[in-house]
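Visitor: First the structure, then my questions, so here it is.
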Amino acid sequence: MNLVTLLELKGDRDLLEQYLPVVQFANKRKIERTGPDYWDLATEGELAVLDRNYETATQHFSEAIALIPDNESWMLETSVNNLKIIQSARTEHGTQDDGLASLIAQFEEYL
């Protein structure tokens with residue numbers, strides 16, 4: 001996950017598109033083996049954001065929120081902060097879109 005996020009921050013779309021499917025596959029396999037926890041689903045959501053698939057990202061983050069234990073809002077805060085980092089990088093590179101801003105606003109309501 002860190003690799004593909006750093007590639008997004010760097011603005012290297014070619015390498016990101018090369019490695020994104022590998023990371024998506026690895027996370028899906030982990031979920032199949034152990035069942036999903038918050039972090040697995042949040043990772044799926046972030047991977048969908050990197051792929052600019054906001055419908056899928058919304059679905060994964062919604063499922064992840066349902067798995068947050070009481071008094072553990074820091075988990076969602078961490079994910080929203082990650083999305084804001086991606087948004088900032090996209091703004092810097094001139095590739096920002098409204099889908100990410102909308103997703104961030106939607107999940108900030110849970111904080």
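Following the order of the structure tokens, chains are lettered A, B, ..., residues in each are numbered from 1, and ligands are numbered from 1.
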Would you kindly return, as an mmCIF file with N, CA and C atoms, in the first residue's frame, each protein, DNA or RNA residue with an atom no farther than 10 Å from any atom of A:Trp74, considering only C-alpha atoms and excluding same-chain residues fewer than 6 positions away?
Guide:
data_model
loop_
_atom_site.group_PDB
_atom_site.id
_atom_site.type_symbol
_atom_site.label_atom_id
_atom_site.label_comp_id
_atom_site.auth_asym_id
_atom_site.auth_seq_id
_atom_site.Cartn_x
_atom_site.Cartn_y
_atom_site.Cartn_z
ATOM 1 N N ILE A 68 -15.437 -0.772 12.962
ATOM 2 C CA ILE A 68 -14.675 0.023 13.929
ATOM 3 C C ILE A 68 -15.218 -0.236 15.330
ATOM 4 N N VAL A 80 -9.049 8.913 6.662
ATOM 5 C CA VAL A 80 -9.412 10.202 6.065
ATOM 6 C C VAL A 80 -8.163 11.048 5.848
ATOM 7 N N LEU A 111 -16.725 11.430 11.804
ATOM 8 C CA LEU A 111 -15.712 11.754 12.822
ATOM 9 C C LEU A 111 -16.279 12.629 13.913
#
Visitor: What lies within 12 Å of A:Arg13 using only C-alpha atoms, ignoring chain neighbours under 4 positions off, as a compact mmCIF listing (two decimals) with N, CA and C atoms, in the first residue's frame?
Guide:
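And here's selection.txt as it stands now:
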# COMPACT_ATOMS: atom_id res chain seq x y z
N VAL A 4 2.29 2.13 -3.60
CA VAL A 4 1.38 2.75 -4.56
C VAL A 4 0.95 4.15 -4.12
N THR A 5 0.84 4.35 -2.81
CA THR A 5 0.52 5.70 -2.33
C THR A 5 1.66 6.65 -2.64
N LEU A 6 2.89 6.21 -2.41
CA LEU A 6 4.05 7.06 -2.71
C LEU A 6 4.16 7.35 -4.21
N LEU A 7 3.81 6.38 -5.04
CA LEU A 7 3.81 6.63 -6.48
C LEU A 7 2.77 7.68 -6.86
N GLU A 8 1.61 7.64 -6.19
CA GLU A 8 0.59 8.69 -6.41
C GLU A 8 1.13 10.04 -5.98
N LEU A 9 1.78 10.08 -4.81
CA LEU A 9 2.32 11.34 -4.31
C LEU A 9 3.38 11.89 -5.23
N GLU A 17 0.06 2.52 -12.12
CA GLU A 17 -0.81 1.60 -12.84
C GLU A 17 -0.18 0.21 -12.99
N GLN A 18 1.13 0.15 -12.95
CA GLN A 18 1.82 -1.14 -13.03
C GLN A 18 1.69 -1.91 -11.71
N TYR A 19 1.86 -1.23 -10.60
CA TYR A 19 1.89 -1.90 -9.30
C TYR A 19 0.53 -2.00 -8.62
N LEU A 20 -0.40 -1.14 -8.97
CA LEU A 20 -1.71 -1.14 -8.31
C LEU A 20 -2.41 -2.50 -8.37
N LEU A 50 -7.04 5.26 -5.41
CA LEU A 50 -5.88 5.38 -6.30
C LEU A 50 -6.24 5.00 -7.73
N ASP A 51 -7.23 4.13 -7.86
CA ASP A 51 -7.72 3.71 -9.17
C ASP A 51 -8.83 4.63 -9.68
N ARG A 52 -9.16 5.64 -8.87
CA ARG A 52 -10.22 6.63 -9.18
C ARG A 52 -11.58 5.98 -9.37
N ARG A 90 -2.65 15.25 -5.58
CA ARG A 90 -3.33 15.42 -6.86
C ARG A 90 -3.54 16.89 -7.19
N HIS A 93 -0.29 18.20 -8.45
CA HIS A 93 0.04 17.72 -9.80
C HIS A 93 -1.00 18.12 -10.84
N THR A 95 -4.13 17.10 -10.99
CA THR A 95 -4.96 15.97 -11.39
C THR A 95 -6.12 15.73 -10.41
Visitor: Name all residues at most 10 Å from A:Ile31 (count only C-alpha atoms; drop same-chain ones fewer than 4 positions away) and give them as a list in words.
Guide: Phe25, Ala26, Asn27, Gly35, Pro36, Asp37, Asp40, Leu41 and Glu44 of chain A
Visitor: Which residues, written as a PyMOL selection string, have at least one atom at most 9 Å from A:Gln24, with only C-alpha atoms counted and residues fewer than 5 positions away on the same chain left out?
Guide: chain A and resi 1+19+29+43-44+47-48
Visitor: How would the residues just chosen look if you wrote them out with C-alpha atoms as a PDB file, in the first residue's frame?
Guide:
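Printed below is result-v8.pdb as written:
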ATOM      1  CA  MET A   1       0.000   0.000   0.000  1.00  0.00           C
ATOM      2  CA  TYR A  19       1.890  -1.902  -9.298  1.00  0.00           C
ATOM      3  CA  ARG A  29      -5.871 -12.736  -1.036  1.00  0.00           C
ATOM      4  CA  THR A  43      -6.956  -0.558   2.248  1.00  0.00           C
ATOM      5  CA  GLU A  44      -9.421  -1.733  -0.406  1.00  0.00           C
ATOM      6  CA  LEU A  47      -6.715   1.272  -3.498  1.00  0.00           C
ATOM      7  CA  ALA A  48     -10.022   2.108  -5.188  1.00  0.00           C
TER       8      ALA A  48
END
Visitor: DSSP on the backbone: what in stretch 13-111 of chain A comes out alpha helix (DSSP H), as number ranges by chain?
Guide: A: 13-34, 38-50, 54-65, 74-93, 98-108
Visitor: Using only C-alpha atoms for the distances, tell me which of A:Ile86, A:Ile104, A:Val49, A:Tyr110 is nearest to A:Gly11.
Guide: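 For A:Gly11, the nearest of the given residues is A:Ile86.
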Visitor: Pick from A:Phe107, A:Glu77, A:Thr34, A:Val22: nearest to A:Glu63, with only C-alpha atoms counted?
Guide: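 Ranking A:Phe107, A:Glu77, A:Thr34, A:Val22 by distance to A:Glu63, first place goes to A:Phe107.
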Visitor: Given only C-alpha atoms as the basis, pick out the residue of A:Gln87, A:Asn71, A:Asn2, A:Ser62 nearest to A:Ser102.
Guide: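 Result for the nearest residue to A:Ser102: A:Gln87.
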Visitor: Restricting the calculation to only C-alpha atoms: of A:Leu3, A:Ala57, A:Leu15, A:Ala42, which residue gets closest to A:Thr78?
Guide: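 Looking only at the distances to A:Thr78, the closest residue turns out to be A:Ala42.
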Visitor: Could you check how far atom CA of A:Ala64 sits from atom CA of A:Tyr38, in Å to one decimal?
Guide: 4.7 Å
Visitor: I'd like to know which of A:Leu103, A:Glu55, A:Ala89, A:Glu108 is closest to A:Asp12, using only C-alpha atoms.
Guide: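 For A:Asp12, the nearest of the given residues is A:Ala89.
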Visitor: What is the distance, in Å and to one decimal place, between atom CA of A:Glu109 and atom CA of A:Thr91?
Guide: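 Computing the Euclidean distance for atom CA of A:Glu109 and atom CA of A:Thr91 yields 22.4 Å.
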Visitor: Could you state the separation of atom CA of A:Lys10 and atom CA of A:Lys30 in Å, given to one decimal place?
Guide: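 Result for atom CA of A:Lys10 versus atom CA of A:Lys30: 27.0 Å, one decimal.
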